[in-house]
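Containing compact mmCIF, N, CA and C atoms and all ligand atoms: coords14.txt.
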```
# COMPACT_ATOMS: atom_id res chain seq x y z
N MET A 265 -9.24 -26.32 -9.24
CA MET A 265 -10.16 -26.22 -8.10
C MET A 265 -10.08 -24.85 -7.45
N THR A 266 -11.23 -24.32 -7.10
CA THR A 266 -11.27 -23.03 -6.41
C THR A 266 -11.75 -23.19 -4.96
N THR A 267 -11.76 -24.43 -4.47
CA THR A 267 -12.16 -24.62 -3.07
C THR A 267 -11.22 -23.84 -2.17
N GLU A 268 -11.81 -23.11 -1.24
CA GLU A 268 -11.02 -22.29 -0.32
C GLU A 268 -11.46 -22.57 1.10
N ARG A 269 -10.60 -22.16 2.03
CA ARG A 269 -10.97 -22.10 3.43
C ARG A 269 -10.81 -20.66 3.92
N SER A 270 -11.66 -20.28 4.86
CA SER A 270 -11.58 -18.94 5.45
C SER A 270 -11.69 -19.06 6.96
N LEU A 271 -11.08 -18.11 7.65
CA LEU A 271 -11.16 -18.07 9.12
C LEU A 271 -12.23 -17.04 9.50
N VAL A 272 -13.25 -17.52 10.19
CA VAL A 272 -14.33 -16.67 10.67
C VAL A 272 -14.24 -16.62 12.19
N LEU A 273 -14.42 -15.44 12.76
CA LEU A 273 -14.56 -15.29 14.20
C LEU A 273 -15.90 -14.67 14.51
N VAL A 274 -16.66 -15.28 15.41
CA VAL A 274 -17.79 -14.57 16.02
C VAL A 274 -17.19 -13.83 17.20
N LYS A 275 -17.17 -12.51 17.09
CA LYS A 275 -16.46 -11.67 18.06
C LYS A 275 -17.18 -11.67 19.41
N PRO A 276 -16.54 -11.13 20.47
CA PRO A 276 -17.16 -11.16 21.80
C PRO A 276 -18.55 -10.51 21.87
N ASP A 277 -18.80 -9.48 21.05
CA ASP A 277 -20.15 -8.87 21.06
C ASP A 277 -21.18 -9.86 20.53
N GLY A 278 -20.83 -10.55 19.46
CA GLY A 278 -21.76 -11.53 18.90
C GLY A 278 -21.98 -12.70 19.83
N PHE A 279 -20.89 -13.15 20.46
CA PHE A 279 -21.02 -14.26 21.41
C PHE A 279 -21.90 -13.86 22.59
N ALA A 280 -21.62 -12.68 23.17
CA ALA A 280 -22.36 -12.24 24.37
C ALA A 280 -23.83 -12.01 24.06
N ARG A 281 -24.13 -11.60 22.85
CA ARG A 281 -25.53 -11.35 22.47
C ARG A 281 -26.25 -12.61 22.00
N GLY A 282 -25.58 -13.73 22.04
CA GLY A 282 -26.24 -14.98 21.67
C GLY A 282 -26.45 -15.12 20.18
N LEU A 283 -25.54 -14.53 19.38
CA LEU A 283 -25.71 -14.54 17.93
C LEU A 283 -24.84 -15.58 17.22
N THR A 284 -24.12 -16.40 17.98
CA THR A 284 -23.24 -17.38 17.35
C THR A 284 -24.04 -18.31 16.43
N GLY A 285 -25.14 -18.82 16.94
CA GLY A 285 -25.95 -19.73 16.14
C GLY A 285 -26.49 -19.07 14.88
N GLU A 286 -26.89 -17.82 14.98
CA GLU A 286 -27.41 -17.09 13.83
C GLU A 286 -26.33 -16.91 12.76
N VAL A 287 -25.09 -16.63 13.19
CA VAL A 287 -23.99 -16.50 12.23
C VAL A 287 -23.72 -17.85 11.57
N LEU A 288 -23.64 -18.90 12.37
CA LEU A 288 -23.38 -20.23 11.80
C LEU A 288 -24.53 -20.66 10.88
N ARG A 289 -25.75 -20.31 11.25
CA ARG A 289 -26.91 -20.63 10.40
C ARG A 289 -26.75 -20.00 9.02
N ARG A 290 -26.33 -18.75 9.01
CA ARG A 290 -26.18 -18.06 7.71
C ARG A 290 -25.06 -18.68 6.88
N ILE A 291 -23.98 -19.07 7.54
CA ILE A 291 -22.87 -19.71 6.82
C ILE A 291 -23.35 -21.03 6.21
N GLU A 292 -24.06 -21.82 7.00
CA GLU A 292 -24.52 -23.12 6.50
C GLU A 292 -25.62 -22.93 5.44
N ALA A 293 -26.50 -21.95 5.65
CA ALA A 293 -27.57 -21.72 4.67
C ALA A 293 -26.99 -21.29 3.33
N LYS A 294 -25.88 -20.59 3.36
CA LYS A 294 -25.20 -20.19 2.13
C LYS A 294 -24.63 -21.40 1.40
N GLY A 295 -24.32 -22.45 2.15
CA GLY A 295 -23.81 -23.67 1.54
C GLY A 295 -22.37 -24.00 1.88
N TYR A 296 -21.74 -23.19 2.73
CA TYR A 296 -20.36 -23.49 3.12
C TYR A 296 -20.35 -24.54 4.22
N ARG A 297 -19.26 -25.28 4.26
CA ARG A 297 -19.10 -26.33 5.26
C ARG A 297 -18.29 -25.81 6.45
N LEU A 298 -18.63 -26.33 7.63
CA LEU A 298 -17.85 -26.04 8.82
C LEU A 298 -16.77 -27.11 8.94
N VAL A 299 -15.51 -26.68 9.03
CA VAL A 299 -14.38 -27.60 9.08
C VAL A 299 -13.87 -27.76 10.51
N ALA A 300 -13.88 -26.68 11.26
CA ALA A 300 -13.37 -26.70 12.64
C ALA A 300 -14.03 -25.55 13.39
N LEU A 301 -14.22 -25.75 14.69
CA LEU A 301 -14.93 -24.75 15.50
C LEU A 301 -14.45 -24.85 16.94
N GLN A 302 -14.15 -23.69 17.54
CA GLN A 302 -13.72 -23.69 18.94
C GLN A 302 -14.18 -22.41 19.62
N VAL A 303 -14.68 -22.57 20.84
CA VAL A 303 -15.00 -21.41 21.69
C VAL A 303 -13.82 -21.18 22.61
N LEU A 304 -13.31 -19.95 22.63
CA LEU A 304 -12.18 -19.62 23.50
C LEU A 304 -12.14 -18.11 23.73
N THR A 305 -11.47 -17.71 24.81
CA THR A 305 -11.19 -16.29 25.05
C THR A 305 -9.74 -16.06 24.65
N PRO A 306 -9.51 -15.37 23.52
CA PRO A 306 -8.14 -15.23 23.02
C PRO A 306 -7.31 -14.27 23.87
N ASP A 307 -6.02 -14.56 24.00
CA ASP A 307 -5.16 -13.64 24.73
C ASP A 307 -4.59 -12.58 23.78
N LEU A 308 -4.01 -11.53 24.39
CA LEU A 308 -3.55 -10.40 23.60
C LEU A 308 -2.43 -10.78 22.64
N ASP A 309 -1.56 -11.72 23.04
CA ASP A 309 -0.47 -12.12 22.16
C ASP A 309 -1.01 -12.65 20.84
N ARG A 310 -2.02 -13.51 20.94
CA ARG A 310 -2.61 -14.08 19.73
C ARG A 310 -3.27 -12.98 18.87
N LEU A 311 -3.94 -12.04 19.55
CA LEU A 311 -4.64 -11.00 18.81
C LEU A 311 -3.69 -10.02 18.15
N HIS A 312 -2.55 -9.73 18.80
CA HIS A 312 -1.56 -8.85 18.19
C HIS A 312 -1.03 -9.46 16.89
N VAL A 313 -0.88 -10.78 16.86
CA VAL A 313 -0.45 -11.44 15.63
C VAL A 313 -1.58 -11.44 14.61
N HIS A 314 -2.77 -11.80 15.07
CA HIS A 314 -3.92 -11.87 14.15
C HIS A 314 -4.15 -10.54 13.44
N TYR A 315 -4.05 -9.44 14.21
CA TYR A 315 -4.35 -8.10 13.66
C TYR A 315 -3.09 -7.31 13.33
N GLU A 316 -1.99 -7.98 13.00
CA GLU A 316 -0.71 -7.28 12.82
C GLU A 316 -0.78 -6.21 11.72
N GLU A 317 -1.66 -6.39 10.73
CA GLU A 317 -1.76 -5.37 9.67
C GLU A 317 -2.24 -4.01 10.21
N HIS A 318 -2.85 -4.03 11.41
CA HIS A 318 -3.40 -2.79 11.97
C HIS A 318 -2.52 -2.17 13.06
N VAL A 319 -1.32 -2.73 13.29
CA VAL A 319 -0.42 -2.17 14.29
C VAL A 319 -0.18 -0.69 13.99
N GLY A 320 -0.30 0.15 15.02
CA GLY A 320 -0.05 1.59 14.86
C GLY A 320 -1.30 2.41 14.58
N LYS A 321 -2.39 1.76 14.21
CA LYS A 321 -3.63 2.51 13.97
C LYS A 321 -4.30 2.83 15.31
N PRO A 322 -5.07 3.92 15.37
CA PRO A 322 -5.65 4.33 16.66
C PRO A 322 -6.59 3.30 17.27
N PHE A 323 -7.19 2.47 16.45
CA PHE A 323 -8.12 1.47 17.00
C PHE A 323 -7.46 0.15 17.32
N PHE A 324 -6.12 0.04 17.11
CA PHE A 324 -5.48 -1.27 17.27
C PHE A 324 -5.59 -1.81 18.69
N GLU A 325 -5.18 -1.01 19.69
CA GLU A 325 -5.24 -1.52 21.07
C GLU A 325 -6.68 -1.70 21.55
N PRO A 326 -7.59 -0.72 21.29
CA PRO A 326 -8.99 -0.97 21.65
C PRO A 326 -9.55 -2.22 20.98
N LEU A 327 -9.15 -2.47 19.75
CA LEU A 327 -9.62 -3.67 19.04
C LEU A 327 -9.14 -4.93 19.75
N CYS A 328 -7.86 -4.97 20.09
CA CYS A 328 -7.32 -6.17 20.75
C CYS A 328 -7.92 -6.34 22.15
N GLU A 329 -8.11 -5.23 22.87
CA GLU A 329 -8.75 -5.32 24.20
C GLU A 329 -10.18 -5.85 24.08
N PHE A 330 -10.91 -5.32 23.12
CA PHE A 330 -12.28 -5.78 22.89
C PHE A 330 -12.31 -7.27 22.54
N MET A 331 -11.42 -7.67 21.65
CA MET A 331 -11.43 -9.07 21.19
C MET A 331 -11.02 -10.04 22.29
N SER A 332 -10.30 -9.54 23.31
CA SER A 332 -9.89 -10.41 24.42
C SER A 332 -10.85 -10.30 25.61
N SER A 333 -11.94 -9.58 25.45
CA SER A 333 -12.83 -9.28 26.58
C SER A 333 -13.77 -10.42 26.95
N GLY A 334 -13.84 -11.44 26.13
CA GLY A 334 -14.73 -12.55 26.42
C GLY A 334 -14.62 -13.61 25.35
N PRO A 335 -15.46 -14.63 25.46
CA PRO A 335 -15.35 -15.73 24.50
C PRO A 335 -15.65 -15.29 23.06
N VAL A 336 -14.95 -15.93 22.16
CA VAL A 336 -15.23 -15.83 20.73
C VAL A 336 -15.44 -17.26 20.22
N THR A 337 -16.07 -17.38 19.09
CA THR A 337 -16.12 -18.68 18.42
C THR A 337 -15.29 -18.56 17.15
N ALA A 338 -14.23 -19.35 17.08
CA ALA A 338 -13.37 -19.40 15.89
C ALA A 338 -13.84 -20.56 15.02
N VAL A 339 -13.98 -20.27 13.74
CA VAL A 339 -14.53 -21.27 12.81
C VAL A 339 -13.72 -21.26 11.53
N VAL A 340 -13.40 -22.44 11.02
CA VAL A 340 -12.88 -22.55 9.65
C VAL A 340 -14.02 -23.04 8.77
N ILE A 341 -14.27 -22.27 7.71
CA ILE A 341 -15.30 -22.66 6.76
C ILE A 341 -14.65 -23.04 5.44
N GLU A 342 -15.39 -23.76 4.62
CA GLU A 342 -14.82 -24.25 3.36
C GLU A 342 -15.87 -24.19 2.26
N GLY A 343 -15.41 -23.87 1.06
CA GLY A 343 -16.29 -23.87 -0.10
C GLY A 343 -15.68 -23.04 -1.22
N GLU A 344 -16.12 -23.23 -2.42
CA GLU A 344 -15.62 -22.46 -3.55
C GLU A 344 -15.84 -20.96 -3.29
N ARG A 345 -14.78 -20.20 -3.34
CA ARG A 345 -14.81 -18.72 -3.19
C ARG A 345 -15.44 -18.27 -1.87
N CYS A 346 -15.23 -19.09 -0.82
CA CYS A 346 -15.88 -18.75 0.46
C CYS A 346 -15.25 -17.53 1.13
N ILE A 347 -14.02 -17.17 0.76
CA ILE A 347 -13.41 -15.97 1.36
C ILE A 347 -14.20 -14.74 0.94
N GLU A 348 -14.36 -14.58 -0.36
CA GLU A 348 -15.18 -13.47 -0.88
C GLU A 348 -16.63 -13.62 -0.44
N GLY A 349 -17.13 -14.84 -0.47
CA GLY A 349 -18.53 -15.08 -0.14
C GLY A 349 -18.86 -14.74 1.30
N PHE A 350 -17.97 -15.09 2.22
CA PHE A 350 -18.27 -14.74 3.61
C PHE A 350 -18.15 -13.24 3.84
N ARG A 351 -17.20 -12.58 3.18
CA ARG A 351 -17.10 -11.11 3.31
C ARG A 351 -18.40 -10.45 2.85
N ALA A 352 -19.01 -11.01 1.79
CA ALA A 352 -20.30 -10.48 1.31
C ALA A 352 -21.40 -10.74 2.35
N LEU A 353 -21.40 -11.92 2.95
CA LEU A 353 -22.38 -12.20 4.00
C LEU A 353 -22.20 -11.26 5.19
N ALA A 354 -20.94 -10.95 5.53
CA ALA A 354 -20.65 -10.13 6.71
C ALA A 354 -21.07 -8.68 6.50
N GLY A 355 -20.83 -8.14 5.31
CA GLY A 355 -21.14 -6.74 5.04
C GLY A 355 -20.00 -5.81 5.42
N ALA A 356 -20.23 -4.52 5.25
CA ALA A 356 -19.20 -3.51 5.46
C ALA A 356 -18.73 -3.47 6.91
N THR A 357 -17.50 -3.01 7.10
CA THR A 357 -16.89 -2.97 8.44
C THR A 357 -17.73 -2.14 9.41
N ASP A 358 -18.21 -0.99 8.96
CA ASP A 358 -19.01 -0.10 9.81
C ASP A 358 -20.45 -0.62 9.85
N PRO A 359 -20.91 -1.09 11.00
CA PRO A 359 -22.23 -1.72 11.03
C PRO A 359 -23.38 -0.76 10.73
N THR A 360 -23.14 0.54 10.91
CA THR A 360 -24.18 1.51 10.54
C THR A 360 -24.35 1.57 9.03
N ALA A 361 -23.25 1.46 8.30
CA ALA A 361 -23.29 1.54 6.84
C ALA A 361 -23.53 0.18 6.19
N ALA A 362 -23.30 -0.90 6.92
CA ALA A 362 -23.47 -2.24 6.34
C ALA A 362 -24.91 -2.44 5.89
N LEU A 363 -25.07 -3.01 4.72
CA LEU A 363 -26.41 -3.12 4.13
C LEU A 363 -27.28 -4.10 4.90
N PRO A 364 -28.57 -3.79 5.02
CA PRO A 364 -29.51 -4.79 5.51
C PRO A 364 -29.40 -6.06 4.66
N GLY A 365 -29.56 -7.18 5.30
CA GLY A 365 -29.35 -8.47 4.63
C GLY A 365 -28.01 -9.08 4.97
N THR A 366 -27.07 -8.23 5.41
CA THR A 366 -25.77 -8.74 5.85
C THR A 366 -25.78 -8.96 7.36
N ILE A 367 -24.81 -9.74 7.83
CA ILE A 367 -24.70 -10.01 9.27
C ILE A 367 -24.54 -8.71 10.04
N ARG A 368 -23.58 -7.89 9.60
CA ARG A 368 -23.33 -6.63 10.32
C ARG A 368 -24.49 -5.65 10.14
N GLY A 369 -25.10 -5.64 8.96
CA GLY A 369 -26.21 -4.72 8.70
C GLY A 369 -27.47 -5.09 9.46
N ASP A 370 -27.71 -6.39 9.58
CA ASP A 370 -28.93 -6.84 10.27
C ASP A 370 -28.76 -6.87 11.78
N LEU A 371 -27.57 -7.20 12.25
CA LEU A 371 -27.39 -7.54 13.67
C LEU A 371 -26.50 -6.56 14.44
N GLY A 372 -25.77 -5.71 13.72
CA GLY A 372 -24.82 -4.81 14.37
C GLY A 372 -25.29 -3.37 14.38
N ARG A 373 -24.69 -2.58 15.26
CA ARG A 373 -24.95 -1.14 15.31
C ARG A 373 -23.76 -0.46 15.97
N ASP A 374 -23.70 0.84 15.87
CA ASP A 374 -22.68 1.63 16.55
C ASP A 374 -23.07 1.78 18.01
N TRP A 375 -22.11 1.51 18.90
CA TRP A 375 -22.36 1.65 20.34
C TRP A 375 -21.55 2.81 20.92
N GLY A 376 -20.94 3.63 20.06
CA GLY A 376 -20.21 4.80 20.51
C GLY A 376 -18.90 4.50 21.20
N ARG A 377 -18.28 3.37 20.86
CA ARG A 377 -17.02 2.98 21.51
C ARG A 377 -15.85 3.25 20.57
N LYS A 378 -14.62 3.04 21.13
CA LYS A 378 -13.41 3.35 20.37
C LYS A 378 -13.22 2.41 19.19
N VAL A 379 -13.80 1.23 19.29
CA VAL A 379 -13.67 0.24 18.23
C VAL A 379 -15.06 -0.16 17.76
N GLN A 380 -15.19 -0.36 16.47
CA GLN A 380 -16.47 -0.82 15.93
C GLN A 380 -16.69 -2.27 16.34
N GLU A 381 -17.79 -2.51 17.04
CA GLU A 381 -18.17 -3.88 17.40
C GLU A 381 -19.10 -4.36 16.29
N ASN A 382 -18.64 -5.31 15.52
CA ASN A 382 -19.37 -5.66 14.30
C ASN A 382 -19.55 -7.17 14.10
N ILE A 383 -19.65 -7.89 15.20
CA ILE A 383 -20.15 -9.27 15.24
C ILE A 383 -19.16 -10.32 14.73
N VAL A 384 -18.58 -10.06 13.54
CA VAL A 384 -17.77 -11.12 12.92
C VAL A 384 -16.48 -10.58 12.31
N HIS A 385 -15.52 -11.49 12.20
CA HIS A 385 -14.31 -11.32 11.39
C HIS A 385 -14.34 -12.35 10.28
N GLY A 386 -13.86 -11.99 9.11
CA GLY A 386 -13.63 -12.96 8.04
C GLY A 386 -12.36 -12.63 7.30
N SER A 387 -11.57 -13.65 6.97
CA SER A 387 -10.33 -13.43 6.22
C SER A 387 -10.63 -12.68 4.92
N ASP A 388 -9.64 -11.86 4.48
CA ASP A 388 -9.89 -11.01 3.30
C ASP A 388 -9.15 -11.45 2.04
N SER A 389 -8.35 -12.51 2.11
CA SER A 389 -7.63 -12.99 0.92
C SER A 389 -7.15 -14.41 1.21
N PRO A 390 -6.77 -15.16 0.18
CA PRO A 390 -6.23 -16.50 0.43
C PRO A 390 -5.00 -16.48 1.33
N GLU A 391 -4.16 -15.45 1.16
CA GLU A 391 -2.95 -15.35 1.99
C GLU A 391 -3.32 -15.10 3.45
N SER A 392 -4.28 -14.19 3.67
CA SER A 392 -4.74 -13.92 5.04
C SER A 392 -5.38 -15.17 5.64
N ALA A 393 -6.16 -15.86 4.85
CA ALA A 393 -6.85 -17.05 5.36
C ALA A 393 -5.84 -18.09 5.81
N ALA A 394 -4.83 -18.35 5.00
CA ALA A 394 -3.82 -19.35 5.37
C ALA A 394 -3.09 -18.93 6.65
N ARG A 395 -2.73 -17.65 6.73
CA ARG A 395 -2.02 -17.13 7.90
C ARG A 395 -2.90 -17.23 9.14
N GLU A 396 -4.15 -16.81 9.02
CA GLU A 396 -5.06 -16.77 10.18
C GLU A 396 -5.47 -18.18 10.63
N ILE A 397 -5.70 -19.08 9.70
CA ILE A 397 -6.02 -20.46 10.10
C ILE A 397 -4.85 -21.05 10.88
N GLY A 398 -3.64 -20.69 10.49
CA GLY A 398 -2.46 -21.16 11.22
C GLY A 398 -2.39 -20.62 12.64
N ILE A 399 -2.93 -19.43 12.86
CA ILE A 399 -2.92 -18.82 14.19
C ILE A 399 -3.95 -19.48 15.10
N TRP A 400 -5.12 -19.75 14.57
CA TRP A 400 -6.25 -20.23 15.38
C TRP A 400 -6.38 -21.74 15.41
N PHE A 401 -5.93 -22.39 14.33
CA PHE A 401 -6.03 -23.85 14.24
C PHE A 401 -4.73 -24.42 13.68
N PRO A 402 -3.63 -24.35 14.46
CA PRO A 402 -2.35 -24.81 13.94
C PRO A 402 -2.34 -26.29 13.56
N GLU A 403 -3.32 -27.04 14.09
CA GLU A 403 -3.35 -28.47 13.78
C GLU A 403 -3.89 -28.75 12.38
N LEU A 404 -4.52 -27.76 11.75
CA LEU A 404 -5.11 -28.00 10.41
C LEU A 404 -4.05 -27.90 9.31
P1 LIG B 1 -12.79 -5.94 8.53
O1 LIG B 1 -13.08 -6.64 9.84
O2 LIG B 1 -14.06 -5.53 7.83
O3 LIG B 1 -11.84 -6.69 7.65
P2 LIG B 1 -10.54 -4.18 9.16
O4 LIG B 1 -10.25 -2.92 8.42
O5 LIG B 1 -9.66 -5.35 8.92
O6 LIG B 1 -12.08 -4.56 8.90
O7 LIG B 1 -10.52 -3.81 10.71
C1 LIG B 1 -10.50 -4.82 11.70
C2 LIG B 1 -11.53 -4.46 12.75
O8 LIG B 1 -11.13 -3.26 13.41
C3 LIG B 1 -12.94 -4.16 12.22
O9 LIG B 1 -13.72 -5.31 11.99
C4 LIG B 1 -13.48 -3.27 13.32
O10 LIG B 1 -13.89 -4.07 14.44
C5 LIG B 1 -12.27 -2.47 13.71
N1 LIG B 1 -12.14 -1.21 12.97
C6 LIG B 1 -11.72 -1.05 11.70
N2 LIG B 1 -11.68 0.24 11.33
C7 LIG B 1 -12.08 0.94 12.42
C8 LIG B 1 -12.24 2.35 12.68
O11 LIG B 1 -12.00 3.21 11.83
N3 LIG B 1 -12.69 2.68 13.92
C9 LIG B 1 -12.97 1.76 14.88
N4 LIG B 1 -12.80 0.44 14.68
C10 LIG B 1 -12.37 0.03 13.46
MG MG B 2 -9.87 -7.19 8.05
```

Output the file's structure in the form of structure tokens.
Amino acid sequence: MTTERSLVLVKPDGFARGLTGEVLRRIEAKGYRLVALQVLTPDLDRLHVHYEEHVGKPFFEPLCEFMSSGPVTAVVIEGERCIEGFRALAGATDPTAALPGTIRGDLGRDWGRKVQENIVHGSDSPESAAREIGIWFPEL
């Protein structure tokens, strides 16, 4: 079986712009299932753990501040190869370079800030997905 789960976040920019439904629509239209969903404003402790791979990078603190600036929607999705599949739906990290047709390419842009605001997060490997689901949904 290649069924996977991935942790998706609609980031504070996406939430504030009313794009949560559009992101969920694309996930469901692709054929992935929603397993769990919660709206919350994450605290810095949780974000420091979530983004631990980026500790020490110049955008680390701006990223954590941005992610704690308002509500996010945390979602666990499920489906065969959904980790890779959601990354393809999301598009490149830089929303200016992200291809049209992707979430970041269609809905994101550069706002000239210290951190790229790019609508969504998606786990990048099975190991990351397991770790991140444990951070956001320890009950799963
Ligand atoms: P990803 O979200 O596409 O996996 P990562 O490299 O894991 O990208 O970076 C996490 C987040 O940090 C990105 O989604 C983006 O919001 C921000 N970020 C990454 N690289 C940069 C950068 O070079 N400048 C500003 N922000 C960045
Ligand atoms: Mg990443």

Legend entry - Atomic distance CA of Glu403 in chain A - CA of Gly282 in chain A, expressed in Å with one decimal: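 The value is 27.7 Å.
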
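CA of Arg345 in chain A lies 9.7 Å from CA of Tyr296 in chain A.
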
Inset, instruction - Write as a list in words the residues around ligand LIG 1 (chain B), taking 8 Å as the cut-off and counting all atoms listed in the file. - result: Tyr315, Glu317, His318, Pro322, Phe323, Phe324, Pro326, Leu327, Cys328, Arg351, Ala354, Gly355, Ala356, Thr357, Asp358, Arg377, Lys378, Val379, Gln380, Glu381, Asn382, Ile383, Val384, His385, Gly386, Ser387 and Asp388 of chain A

How about saving the chosen residues, N, CA and C atoms kept, as a CSV table (one decimal), keeping the file's coordinate frame?
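Final output, saved to out-v5.csv:
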```csv
chain,number,residue,atom,x,y,z
A,315,TYR,N,-4.0,-9.4,14.2
A,315,TYR,CA,-4.4,-8.1,13.7
A,315,TYR,C,-3.1,-7.3,13.3
A,317,GLU,N,-1.7,-6.4,10.7
A,317,GLU,CA,-1.8,-5.4,9.7
A,317,GLU,C,-2.2,-4.0,10.2
A,318,HIS,N,-2.8,-4.0,11.4
A,318,HIS,CA,-3.4,-2.8,12.0
A,318,HIS,C,-2.5,-2.2,13.1
A,322,PRO,N,-5.1,3.9,15.4
A,322,PRO,CA,-5.6,4.3,16.7
A,322,PRO,C,-6.6,3.3,17.3
A,323,PHE,N,-7.2,2.5,16.4
A,323,PHE,CA,-8.1,1.5,17.0
A,323,PHE,C,-7.5,0.2,17.3
A,324,PHE,N,-6.1,0.0,17.1
A,324,PHE,CA,-5.5,-1.3,17.3
A,324,PHE,C,-5.6,-1.8,18.7
A,326,PRO,N,-7.6,-0.7,21.3
A,326,PRO,CA,-9.0,-1.0,21.6
A,326,PRO,C,-9.6,-2.2,21.0
A,327,LEU,N,-9.2,-2.5,19.8
A,327,LEU,CA,-9.6,-3.7,19.0
A,327,LEU,C,-9.1,-4.9,19.8
A,328,CYS,N,-7.9,-5.0,20.1
A,328,CYS,CA,-7.3,-6.2,20.8
A,328,CYS,C,-7.9,-6.3,22.2
A,351,ARG,N,-17.2,-12.6,3.2
A,351,ARG,CA,-17.1,-11.1,3.3
A,351,ARG,C,-18.4,-10.4,2.8
A,354,ALA,N,-20.9,-11.0,5.5
A,354,ALA,CA,-20.6,-10.1,6.7
A,354,ALA,C,-21.1,-8.7,6.5
A,355,GLY,N,-20.8,-8.1,5.3
A,355,GLY,CA,-21.1,-6.7,5.0
A,355,GLY,C,-20.0,-5.8,5.4
A,356,ALA,N,-20.2,-4.5,5.2
A,356,ALA,CA,-19.2,-3.5,5.5
A,356,ALA,C,-18.7,-3.5,6.9
A,357,THR,N,-17.5,-3.0,7.1
A,357,THR,CA,-16.9,-3.0,8.4
A,357,THR,C,-17.7,-2.1,9.4
A,358,ASP,N,-18.2,-1.0,9.0
A,358,ASP,CA,-19.0,-0.1,9.8
A,358,ASP,C,-20.4,-0.6,9.8
A,377,ARG,N,-18.3,3.4,20.9
A,377,ARG,CA,-17.0,3.0,21.5
A,377,ARG,C,-15.8,3.2,20.6
A,378,LYS,N,-14.6,3.0,21.1
A,378,LYS,CA,-13.4,3.4,20.4
A,378,LYS,C,-13.2,2.4,19.2
A,379,VAL,N,-13.8,1.2,19.3
A,379,VAL,CA,-13.7,0.2,18.2
A,379,VAL,C,-15.1,-0.2,17.8
A,380,GLN,N,-15.2,-0.4,16.5
A,380,GLN,CA,-16.5,-0.8,15.9
A,380,GLN,C,-16.7,-2.3,16.3
A,381,GLU,N,-17.8,-2.5,17.0
A,381,GLU,CA,-18.2,-3.9,17.4
A,381,GLU,C,-19.1,-4.4,16.3
A,382,ASN,N,-18.6,-5.3,15.5
A,382,ASN,CA,-19.4,-5.7,14.3
A,382,ASN,C,-19.6,-7.2,14.1
A,383,ILE,N,-19.6,-7.9,15.2
A,383,ILE,CA,-20.2,-9.3,15.2
A,383,ILE,C,-19.2,-10.3,14.7
A,384,VAL,N,-18.6,-10.1,13.5
A,384,VAL,CA,-17.8,-11.1,12.9
A,384,VAL,C,-16.5,-10.6,12.3
A,385,HIS,N,-15.5,-11.5,12.2
A,385,HIS,CA,-14.3,-11.3,11.4
A,385,HIS,C,-14.3,-12.4,10.3
A,386,GLY,N,-13.9,-12.0,9.1
A,386,GLY,CA,-13.6,-13.0,8.0
A,386,GLY,C,-12.4,-12.6,7.3
A,387,SER,N,-11.6,-13.6,7.0
A,387,SER,CA,-10.3,-13.4,6.2
A,387,SER,C,-10.6,-12.7,4.9
A,388,ASP,N,-9.6,-11.9,4.5
A,388,ASP,CA,-9.9,-11.0,3.3
A,388,ASP,C,-9.2,-11.4,2.0
```

Inset, instruction - Considering only C-alpha atoms, state which residue in the set A:Met331, A:Gly349, A:Arg395, A:Glu292 is at the smallest distance from Leu311 in chain A. - result: A:Met331

Legend entry - Distance in Å - atom C of Ala338 in chain A versus atom C of Leu304 in chain A: 9.2 Å

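With only C-alpha atoms and all ligand atoms as the atoms that count, the minimum distance from ligand MG 2 (chain B) to the choices A:Ala393, A:Leu353, A:Leu288, A:Ala293 is reached by A:Ala393.
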
Inset, instruction - Find the residues near Leu301 in chain A: any atom within 7 Å, counting all atoms listed in the file, skip ones fewer than 2 places away on the same chain, and give them as a list in words. - result: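 Non-adjacent residues within range: Leu298, Val299, Val303, Thr337, Ala338, Val339 and Val340 of chain A.
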
Legend entry - Distance query range 396-401 of chain A at most 7 Å, all atoms listed in the file, self and fewer than 2 positions along chain excluded, as a ChimeraX atom specification: /A:270-271,314,391-394,403-404

Store the residues picked out above in a file with N, CA and C atoms, as a tab-separated table (two decimals), keeping the file's coordinate frame.
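Result file is again.tsv:
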```
chain	number	residue	atom	x	y	z
A	270	SER	N	-11.66	-20.28	4.86
A	270	SER	CA	-11.58	-18.94	5.45
A	270	SER	C	-11.69	-19.06	6.96
A	271	LEU	N	-11.08	-18.11	7.65
A	271	LEU	CA	-11.16	-18.07	9.12
A	271	LEU	C	-12.23	-17.04	9.50
A	314	HIS	N	-2.77	-11.80	15.07
A	314	HIS	CA	-3.92	-11.87	14.15
A	314	HIS	C	-4.15	-10.54	13.44
A	391	GLU	N	-4.16	-15.45	1.16
A	391	GLU	CA	-2.95	-15.35	1.99
A	391	GLU	C	-3.32	-15.10	3.45
A	392	SER	N	-4.28	-14.19	3.67
A	392	SER	CA	-4.74	-13.92	5.04
A	392	SER	C	-5.38	-15.17	5.64
A	393	ALA	N	-6.16	-15.86	4.85
A	393	ALA	CA	-6.85	-17.05	5.36
A	393	ALA	C	-5.84	-18.09	5.81
A	394	ALA	N	-4.83	-18.35	5.00
A	394	ALA	CA	-3.82	-19.35	5.37
A	394	ALA	C	-3.09	-18.93	6.65
A	403	GLU	N	-3.32	-27.04	14.09
A	403	GLU	CA	-3.35	-28.47	13.78
A	403	GLU	C	-3.89	-28.75	12.38
A	404	LEU	N	-4.52	-27.76	11.75
A	404	LEU	CA	-5.11	-28.00	10.41
A	404	LEU	C	-4.05	-27.90	9.31
```

Legend entry - Residues within 6 Å of (-12.2, -23.2, 2.8), counting only C-alpha atoms, listed as a list in words: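 Result, sorted by chain then residue number: Glu268, Arg269, Ser270, Ile341, Glu342 and Gly343 of chain A.
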
Inset, instruction - Name all residues at most 8 Å from Ser333 in chain A (count all atoms listed in the file; drop same-chain ones fewer than 2 positions away) and give them as a count of residues only. - result: 12

Legend entry - Which of chain A fall in strand (DSSP E), as number ranges by chain: A: 267-274, 297-304, 336-344, 384-386

Inset, instruction - From a DSSP pass on the backbone, collect the residues of chain A flagged as helix (DSSP H, G or I) and hand them back as JSON, numbers by chain. - result: {"A": [276, 277, 278, 279, 280, 284, 285, 286, 287, 288, 289, 290, 291, 292, 293, 294, 308, 309, 310, 311, 312, 313, 314, 316, 317, 318, 324, 325, 326, 327, 328, 329, 330, 331, 346, 347, 348, 349, 350, 351, 352, 353, 354, 367, 368, 369, 370, 371, 390, 391, 392, 393, 394, 395, 396, 397, 398, 399, 400]}
